[in-house]
Amino acid sequence: MTPPLRHGAGGSVVRLMMRHPVADYDAWRRADDALDSERRRMGALSHAVYQSLDDPQDITVEIGFATAHAARAFAGSPHLRERMAAAGVAGPPEIWLVTER
């Protein structure tokens with residue numbers, strides 16, 4: 001029997017999921033890439049960007065953290081909100097936390 005296909009080995013990483021529209025994907029992506037060192041300083045372990053096939057301005061960002069506390073601190077950062085607005089986020093983000101099971 002073939003084992004099930006799974007991304008990782010359990011729920012040790014907390015994933016912050018953030019979905020939001022952007023005014024211009026290319027401009028937003030450059031600004032998002034420039035945040036990489038700041039994400040790392042705030043405890044990010046991984047980062048991925050997903051773009052809707054139906055609407056290229058509809059973006060979902062996945063950021064992995066070791067703890068829910070670190071993920072919540074990142075999500076609540078006033079500096080992050082400022083950077084998102086400057087990058088062209090075109091509406092309030094939908095943010096939630098998940099862990100793999």
# chains A, B, ... in the order shown; residues from 1 in each chain; ligands from 1
>>> select_by_dssp(residues="chain A", states="strand (DSSP E or B)", output="VMD selection string")
chain A and resid 14 to 22 44 to 51 58 to 65 89 94 to 99
>>> write_last_selection(atoms="C-alpha atoms", output="short mmCIF file (atom, residue, chain, number, x, y, z; two decimals), in the first residue's frame")
data_model
loop_
_atom_site.label_atom_id
_atom_site.label_comp_id
_atom_site.auth_asym_id
_atom_site.auth_seq_id
_atom_site.Cartn_x
_atom_site.Cartn_y
_atom_site.Cartn_z
CA VAL A 14 2.36 27.18 12.65
CA ARG A 15 1.41 28.65 9.30
CA LEU A 16 0.12 32.18 9.02
CA MET A 17 -2.14 32.42 5.99
CA MET A 18 -2.88 35.87 4.64
CA ARG A 19 -5.14 36.54 1.65
CA HIS A 20 -5.57 39.96 0.10
CA PRO A 21 -6.01 41.73 -3.23
CA VAL A 22 -3.17 43.76 -4.72
CA ALA A 44 9.64 33.32 9.95
CA LEU A 45 10.88 29.87 8.98
CA SER A 46 9.36 29.73 5.50
CA HIS A 47 7.48 31.91 3.04
CA ALA A 48 5.40 31.12 -0.04
CA VAL A 49 3.16 33.19 -2.29
CA TYR A 50 0.15 31.78 -4.13
CA GLN A 51 -1.60 33.61 -6.96
CA ASP A 58 -5.82 37.77 -5.60
CA ILE A 59 -2.85 36.70 -3.46
CA THR A 60 -2.46 34.25 -0.59
CA VAL A 61 0.76 34.33 1.43
CA GLU A 62 1.87 31.45 3.68
CA ILE A 63 4.51 32.12 6.35
CA GLY A 64 5.73 29.40 8.71
CA PHE A 65 6.60 30.11 12.36
CA VAL A 89 -2.38 45.81 -0.90
CA GLU A 94 -7.96 37.96 5.67
CA ILE A 95 -5.56 36.34 8.19
CA TRP A 96 -5.76 32.95 9.87
CA LEU A 97 -3.40 30.46 11.52
CA VAL A 98 -3.21 26.74 10.77
CA THR A 99 -0.98 23.82 11.61
#
>>> select_by_dssp(residues="region 31-64 of chain A", states="alpha helix (DSSP H)", output="ChimeraX atom specification")
/A:31-34,36-41
>>> closest_residue(among="A:Val13, A:Gly43, A:Ser37, A:Ala31", to="Glu82 (chain A)", atoms="only C-alpha atoms")
A:Ala31
>>> closest_residue(among="A:Ala27, A:Leu35, A:Ala73, A:Ala68", to="Ala87 (chain A)", atoms="only C-alpha atoms")
A:Ala27
>>> residues_around(residues="Leu80 (chain A)", least_positions_apart="4", cutoff="10 Å", atoms="only C-alpha atoms", output="count of residues only")
9
>>> atom_distance(atom1="CA of Arg30 (chain A)", atom2="CA of His79 (chain A)")
17.2 Å
>>> residues_around(residues="Gly88 (chain A)", least_positions_apart="6", cutoff="7 Å", atoms="only C-alpha atoms", output="list in words")
Val22, Ala23, Asp24 and Trp28 of chain A
>>> atom_distance(atom1="CA of Asp36 (chain A)", atom2="CA of Glu100 (chain A)")
23.1 Å
>>> decode(residues="region 49-76 of chain A", atoms="N, CA and C atoms", output="short mmCIF file (atom, residue, chain, number, x, y, z; two decimals), in the first residue's frame")
data_model
loop_
_atom_site.label_atom_id
_atom_site.label_comp_id
_atom_site.auth_asym_id
_atom_site.auth_seq_id
_atom_site.Cartn_x
_atom_site.Cartn_y
_atom_site.Cartn_z
N VAL A 49 4.21 32.33 -1.74
CA VAL A 49 3.16 33.19 -2.29
C VAL A 49 2.37 32.37 -3.30
N TYR A 50 1.05 32.46 -3.21
CA TYR A 50 0.15 31.78 -4.13
C TYR A 50 -0.70 32.83 -4.84
N GLN A 51 -0.84 32.66 -6.14
CA GLN A 51 -1.60 33.61 -6.96
C GLN A 51 -2.78 32.86 -7.57
N SER A 52 -3.97 33.42 -7.45
CA SER A 52 -5.17 32.81 -8.00
C SER A 52 -5.05 32.63 -9.51
N LEU A 53 -5.50 31.49 -10.01
CA LEU A 53 -5.52 31.27 -11.45
C LEU A 53 -6.59 32.11 -12.14
N ASP A 54 -7.63 32.46 -11.39
CA ASP A 54 -8.75 33.21 -11.96
C ASP A 54 -8.57 34.72 -11.85
N ASP A 55 -7.81 35.17 -10.88
CA ASP A 55 -7.62 36.61 -10.66
C ASP A 55 -6.19 36.84 -10.20
N PRO A 56 -5.31 37.31 -11.08
CA PRO A 56 -3.90 37.46 -10.72
C PRO A 56 -3.63 38.50 -9.63
N GLN A 57 -4.63 39.29 -9.28
CA GLN A 57 -4.47 40.27 -8.19
C GLN A 57 -4.89 39.68 -6.84
N ASP A 58 -5.38 38.45 -6.82
CA ASP A 58 -5.82 37.77 -5.60
C ASP A 58 -4.67 36.91 -5.10
N ILE A 59 -4.08 37.31 -3.97
CA ILE A 59 -2.85 36.70 -3.46
C ILE A 59 -3.10 36.05 -2.10
N THR A 60 -2.49 34.88 -1.91
CA THR A 60 -2.46 34.25 -0.59
C THR A 60 -1.00 34.03 -0.24
N VAL A 61 -0.61 34.47 0.95
CA VAL A 61 0.76 34.33 1.43
C VAL A 61 0.75 33.34 2.59
N GLU A 62 1.71 32.43 2.60
CA GLU A 62 1.87 31.45 3.68
C GLU A 62 3.24 31.68 4.31
N ILE A 63 3.25 31.91 5.63
CA ILE A 63 4.51 32.12 6.35
C ILE A 63 4.54 31.16 7.52
N GLY A 64 5.59 30.37 7.63
CA GLY A 64 5.73 29.40 8.71
C GLY A 64 6.47 29.99 9.90
N PHE A 65 5.98 29.67 11.10
CA PHE A 65 6.60 30.11 12.36
C PHE A 65 6.68 28.92 13.31
N ALA A 66 7.58 28.99 14.26
CA ALA A 66 7.73 27.92 15.25
C ALA A 66 6.59 27.92 16.26
N THR A 67 6.01 29.08 16.52
CA THR A 67 4.95 29.18 17.53
C THR A 67 3.81 30.08 17.04
N ALA A 68 2.64 29.86 17.62
CA ALA A 68 1.49 30.73 17.33
C ALA A 68 1.78 32.14 17.83
N HIS A 69 2.48 32.25 18.94
CA HIS A 69 2.82 33.57 19.48
C HIS A 69 3.62 34.39 18.46
N ALA A 70 4.63 33.77 17.85
CA ALA A 70 5.45 34.48 16.85
C ALA A 70 4.61 34.86 15.63
N ALA A 71 3.74 33.97 15.20
CA ALA A 71 2.88 34.25 14.04
C ALA A 71 1.94 35.42 14.34
N ARG A 72 1.35 35.41 15.53
CA ARG A 72 0.44 36.50 15.90
C ARG A 72 1.17 37.83 16.05
N ALA A 73 2.39 37.79 16.59
CA ALA A 73 3.18 39.02 16.72
C ALA A 73 3.48 39.60 15.34
N PHE A 74 3.82 38.73 14.41
CA PHE A 74 4.09 39.19 13.05
C PHE A 74 2.83 39.80 12.43
N ALA A 75 1.71 39.09 12.53
CA ALA A 75 0.46 39.56 11.94
C ALA A 75 -0.02 40.87 12.55
N GLY A 76 0.28 41.09 13.82
CA GLY A 76 -0.17 42.30 14.50
C GLY A 76 0.80 43.46 14.44
#
